[in-house]
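Asks: I am attaching a structure below and will ask some questions about it afterwards.
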Amino acid sequence: MTEPAAGIQGLDTLSDSDRRGLYRVLLSRRDVRGQFLPDPVPDDVLARILTAAHFAPSVGFMQPWSFILVRSPEVRGRVKAAFAKANDEAAALFDGDRQTTYRSLKLEGILEAPVNICVTCDRDRVGPVVLGRTHIPTMDLYSTVCAVENLWLAARAEGLGLGWVSIISEPALKDILGLPERVVPVAYLCIGKVSHFFAQPELETRGWRKRLNLADLVSLDRWEGERDAALGAELDRVQAMAEDGEMG
């Protein structure tokens, strides 16, 4: 039997400072839209965050992702126009004060951010039969989302802001970026240095949505199963700490 190759040292344990640093990154991650600075993202930093994305977990180790760096003003202008059209369509779906609030929100930084990144999923990368995807065919898409989250957290660790532009027509985006039929644009991201990070998610501070109570979302054994009272109390305690920017 072949022994696993030696890899990253110290994987068995993480120090308390490592753990605290990880939670700090998780809790301070924000969806950035309007605070981008024009400063370029250095290649070494970009390489680190893309590598973090590439080291994401993937079902069957399929690694279905690819990354398109969008720097061209002309291409970004077309993406911005596609966003504007989709955003007007989305705004019309809300009524009254909700629509007014929606239209007041800045929901992208396509032109302001120095770099845009489209994270794609090649649904045929490893052929029709993939370990772990035999009964849930969308596992490749879920795996690509893991790469997006790795990229997002790594960007925050580097002091960069990142915003996910989801209000856009998928066919329009595929046409602009020249994606083949088999490739799905999973996330269109704006990334760069920022003037500041909000203490809380912007949509929460603007009153769009409140954070849900985690204890209400955890049940035993089934969808509407019983609640574990002791765990629920601990979840309430830790969530309150997390909302204050701490975890312990």
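Chains: A, B, ... in order of the structure tokens. Residues: from 1 per chain. Ligands: from 1, in order shown.
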Neighbouring residues of Ile168 (chain A) were defined as those with any atom within 9 Å, considering only C-alpha atoms; residues of the same chain fewer than 4 positions away were excluded. Please report them as an MDAnalysis selection string.

Replies: chainID A and resid 79 82:87 172:173

Asks: Kindly indicate which residue among A:Ala56, A:Ala47, A:Val32, A:Val184 lies nearest to Glu112 (chain A), using only C-alpha atoms for the distances.

Replies: A:Val32

Asks: Measuring between only C-alpha atoms, which one of A:Gly109, A:Gly159, A:Pro73, A:Pro42 shows the shortest distance to Ser28 (chain A)?

Replies: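 Of A:Gly109, A:Gly159, A:Pro73, A:Pro42, the one nearest Ser28 (chain A), counting only C-alpha atoms, is A:Gly159.
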
Asks: Could you pull out the strand (DSSP E) residues of region 86-244 of chain A from DSSP and send them as number ranges by chain?

Replies: A: 115-122, 160-165, 183-193

Asks: Store the residues picked out above in a file with C-alpha atoms, as a compact mmCIF listing (two decimals), in the first residue's frame.

Replies:
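Saved file selection_27.txt follows:
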```
# COMPACT_ATOMS: atom_id res chain seq x y z
CA VAL A 115 -10.32 43.38 -10.96
CA ASN A 116 -13.44 41.34 -11.67
CA ILE A 117 -13.30 37.55 -11.49
CA CYS A 118 -15.82 35.16 -12.98
CA VAL A 119 -15.67 31.74 -11.32
CA THR A 120 -17.03 29.10 -13.69
CA CYS A 121 -17.98 25.43 -13.49
CA ASP A 122 -17.09 23.11 -16.38
CA LEU A 160 -9.22 43.02 0.17
CA GLY A 161 -12.93 43.55 -0.31
CA LEU A 162 -15.03 41.30 -2.51
CA GLY A 163 -18.57 41.62 -3.82
CA TRP A 164 -20.68 38.96 -5.54
CA VAL A 165 -22.75 40.31 -8.46
CA VAL A 183 -19.63 25.98 -18.70
CA VAL A 184 -21.76 27.72 -16.07
CA PRO A 185 -20.82 31.13 -14.62
CA VAL A 186 -21.28 30.41 -10.92
CA ALA A 187 -20.08 33.74 -9.51
CA TYR A 188 -19.13 37.13 -10.91
CA LEU A 189 -16.95 38.84 -8.31
CA CYS A 190 -15.57 42.36 -7.86
CA ILE A 191 -12.34 42.50 -5.86
CA GLY A 192 -9.89 45.12 -4.66
CA LYS A 193 -8.63 47.27 -1.83
```

Asks: If you run DSSP on this backbone, which residues of region 96-211 of chain A come out as helix (DSSP H, G or I), and could you give them as a ChimeraX atom specification?

Replies: /A:96-104,139-157,170-177,202-205

Asks: Mind writing the picked residues with N, CA and C atoms as a CSV table (one decimal), in the first residue's frame?

Replies:
```csv
chain,number,residue,atom,x,y,z
A,96,GLY,N,-43.8,49.5,-3.4
A,96,GLY,CA,-43.8,50.5,-2.4
A,96,GLY,C,-42.4,50.9,-1.8
A,97,ASP,N,-42.4,50.9,-0.5
A,97,ASP,CA,-41.2,51.3,0.2
A,97,ASP,C,-40.0,50.3,-0.1
A,98,ARG,N,-40.4,49.1,-0.2
A,98,ARG,CA,-39.4,48.0,-0.5
A,98,ARG,C,-38.7,48.3,-1.8
A,99,GLN,N,-39.4,48.7,-2.8
A,99,GLN,CA,-38.8,49.0,-4.1
A,99,GLN,C,-37.9,50.3,-4.0
A,100,THR,N,-38.4,51.3,-3.2
A,100,THR,CA,-37.6,52.5,-3.0
A,100,THR,C,-36.3,52.2,-2.3
A,101,THR,N,-36.4,51.3,-1.3
A,101,THR,CA,-35.1,50.9,-0.6
A,101,THR,C,-34.2,50.1,-1.5
A,102,TYR,N,-34.8,49.2,-2.3
A,102,TYR,CA,-34.0,48.4,-3.2
A,102,TYR,C,-33.2,49.4,-4.2
A,103,ARG,N,-33.9,50.3,-4.8
A,103,ARG,CA,-33.3,51.2,-5.8
A,103,ARG,C,-32.2,52.1,-5.1
A,104,SER,N,-32.3,52.3,-3.8
A,104,SER,CA,-31.3,53.1,-3.1
A,104,SER,C,-30.0,52.3,-2.8
A,139,MET,N,-23.5,18.3,-7.7
A,139,MET,CA,-22.4,18.4,-6.8
A,139,MET,C,-21.2,19.2,-7.4
A,140,ASP,N,-21.1,19.2,-8.7
A,140,ASP,CA,-20.0,20.1,-9.3
A,140,ASP,C,-20.3,21.5,-9.1
A,141,LEU,N,-21.5,22.0,-9.1
A,141,LEU,CA,-21.8,23.4,-8.9
A,141,LEU,C,-21.6,23.7,-7.4
A,142,TYR,N,-22.0,22.8,-6.5
A,142,TYR,CA,-21.7,23.0,-5.1
A,142,TYR,C,-20.2,23.1,-4.8
A,143,SER,N,-19.5,22.2,-5.5
A,143,SER,CA,-18.0,22.3,-5.3
A,143,SER,C,-17.4,23.6,-5.7
A,144,THR,N,-17.9,24.1,-6.8
A,144,THR,CA,-17.4,25.4,-7.3
A,144,THR,C,-17.8,26.5,-6.3
A,145,VAL,N,-18.9,26.5,-5.6
A,145,VAL,CA,-19.2,27.5,-4.6
A,145,VAL,C,-18.2,27.4,-3.5
A,146,CYS,N,-17.7,26.2,-3.2
A,146,CYS,CA,-16.7,26.1,-2.1
A,146,CYS,C,-15.5,26.9,-2.5
A,147,ALA,N,-15.1,26.8,-3.8
A,147,ALA,CA,-14.0,27.6,-4.3
A,147,ALA,C,-14.2,29.1,-4.2
A,148,VAL,N,-15.5,29.5,-4.5
A,148,VAL,CA,-15.8,30.9,-4.3
A,148,VAL,C,-15.6,31.4,-2.8
A,149,GLU,N,-16.1,30.5,-1.9
A,149,GLU,CA,-16.0,30.9,-0.5
A,149,GLU,C,-14.5,31.0,-0.1
A,150,ASN,N,-13.7,30.0,-0.5
A,150,ASN,CA,-12.3,30.0,-0.2
A,150,ASN,C,-11.6,31.3,-0.7
A,151,LEU,N,-12.0,31.7,-1.9
A,151,LEU,CA,-11.4,32.9,-2.5
A,151,LEU,C,-11.9,34.1,-1.7
A,152,TRP,N,-13.1,34.1,-1.3
A,152,TRP,CA,-13.7,35.3,-0.6
A,152,TRP,C,-12.9,35.4,0.8
A,153,LEU,N,-12.8,34.3,1.5
A,153,LEU,CA,-12.1,34.4,2.8
A,153,LEU,C,-10.7,34.8,2.7
A,154,ALA,N,-10.0,34.2,1.7
A,154,ALA,CA,-8.6,34.5,1.4
A,154,ALA,C,-8.4,36.0,1.1
A,155,ALA,N,-9.3,36.6,0.3
A,155,ALA,CA,-9.3,38.0,0.0
A,155,ALA,C,-9.4,38.8,1.3
A,156,ARG,N,-10.3,38.4,2.1
A,156,ARG,CA,-10.5,39.2,3.4
A,156,ARG,C,-9.3,39.1,4.2
A,157,ALA,N,-8.6,37.9,4.3
A,157,ALA,CA,-7.4,37.8,5.0
A,157,ALA,C,-6.3,38.7,4.5
A,170,GLU,N,-27.8,35.2,-16.8
A,170,GLU,CA,-26.7,34.2,-17.1
A,170,GLU,C,-26.4,34.1,-18.6
A,171,PRO,N,-27.4,34.0,-19.5
A,171,PRO,CA,-27.1,34.0,-20.9
A,171,PRO,C,-26.3,35.2,-21.4
A,172,ALA,N,-26.7,36.4,-20.8
A,172,ALA,CA,-25.9,37.6,-21.2
A,172,ALA,C,-24.5,37.5,-20.8
A,173,LEU,N,-24.2,37.0,-19.5
A,173,LEU,CA,-22.9,36.9,-19.0
A,173,LEU,C,-22.1,35.9,-19.8
A,174,LYS,N,-22.7,34.8,-20.2
A,174,LYS,CA,-22.0,33.7,-21.0
A,174,LYS,C,-21.7,34.3,-22.4
A,175,ASP,N,-22.5,35.1,-22.9
A,175,ASP,CA,-22.2,35.7,-24.2
A,175,ASP,C,-21.1,36.7,-24.1
A,176,ILE,N,-21.1,37.5,-23.1
A,176,ILE,CA,-20.0,38.5,-23.0
A,176,ILE,C,-18.7,37.9,-22.8
A,177,LEU,N,-18.6,36.8,-22.0
A,177,LEU,CA,-17.4,36.2,-21.7
A,177,LEU,C,-17.0,35.0,-22.6
A,202,GLU,N,-23.9,45.1,5.1
A,202,GLU,CA,-24.6,46.4,4.7
A,202,GLU,C,-26.1,46.2,4.7
A,203,LEU,N,-26.6,45.1,4.1
A,203,LEU,CA,-28.0,44.9,4.0
A,203,LEU,C,-28.7,44.8,5.4
A,204,GLU,N,-27.9,44.3,6.3
A,204,GLU,CA,-28.5,44.3,7.7
A,204,GLU,C,-28.6,45.7,8.3
A,205,THR,N,-27.5,46.5,8.1
A,205,THR,CA,-27.5,47.9,8.6
A,205,THR,C,-28.5,48.8,7.9
```

Asks: Excluding region 219-222 of chain A and its own-chain neighbours fewer than 5 positions away, which residues fall within 12 Å of it when counting only C-alpha atoms? Please give them as a compact mmCIF listing (two decimals) with N, CA, C and O atoms, in the first residue's frame.

Replies:
```txt
# COMPACT_ATOMS: atom_id res chain seq x y z
N LEU A 214 -29.72 31.36 14.89
CA LEU A 214 -29.20 30.05 14.51
C LEU A 214 -29.90 28.92 15.25
O LEU A 214 -30.19 27.87 14.66
N ARG A 227 -35.75 20.11 19.34
CA ARG A 227 -34.61 20.99 19.58
C ARG A 227 -33.84 20.48 20.80
O ARG A 227 -34.43 19.97 21.75
N ASP A 228 -32.56 20.62 20.75
CA ASP A 228 -31.70 20.31 21.88
C ASP A 228 -31.56 21.58 22.71
O ASP A 228 -30.90 22.53 22.30
N ALA A 229 -32.20 21.61 23.87
CA ALA A 229 -32.25 22.84 24.67
C ALA A 229 -30.87 23.32 25.09
O ALA A 229 -30.56 24.52 25.03
N LEU A 231 -27.93 22.64 23.69
CA LEU A 231 -27.20 23.14 22.52
C LEU A 231 -27.77 24.48 22.08
O LEU A 231 -27.03 25.39 21.70
N GLY A 232 -29.09 24.61 22.12
CA GLY A 232 -29.72 25.87 21.72
C GLY A 232 -29.23 27.04 22.56
O GLY A 232 -28.96 28.12 22.03
```

Asks: Determine the nearest neighbour of Gln239 (chain A) from the options A:Trp65, A:Leu27, A:Arg123, A:Leu111, counting only C-alpha atoms.

Replies: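 The closest residue to Gln239 (chain A) is A:Leu27.
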
Asks: Counting only C-alpha atoms, which residue out of A:Asp236, A:Glu226, A:Asp43, A:Asp124 sits closest to Thr138 (chain A)?

Replies: A:Asp124

Asks: From the options A:Ala215, A:Met241, A:Val59, A:Ala233, which residue's atoms come nearest to Val130 (chain A), counting only C-alpha atoms?

Replies: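 Closest candidate: A:Val59.
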
Asks: Quick check, in Å to one decimal: how far apart do CA of Ile136 (chain A) and CA of Phe55 (chain A) lie?

Replies: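 Between CA of Ile136 (chain A) and CA of Phe55 (chain A) the gap is 22.1 Å.
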
Asks: Between A:Arg182, A:Arg125, A:His196, A:Arg211, which has the minimum distance to Met62 (chain A) (counting only C-alpha atoms)?

Replies: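 That would be A:Arg125, the residue with the smallest distance to Met62 (chain A).
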
Asks: How far is it from CA of Leu107 (chain A) to CA of Arg33 (chain A), in Å with one decimal?

Replies: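 Separation between CA of Leu107 (chain A) and CA of Arg33 (chain A): 5.8 Å.
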
Asks: To one decimal place, how far is CA of Val45 (chain A) from CA of Pro57 (chain A) in Å?

Replies: 21.1 Å
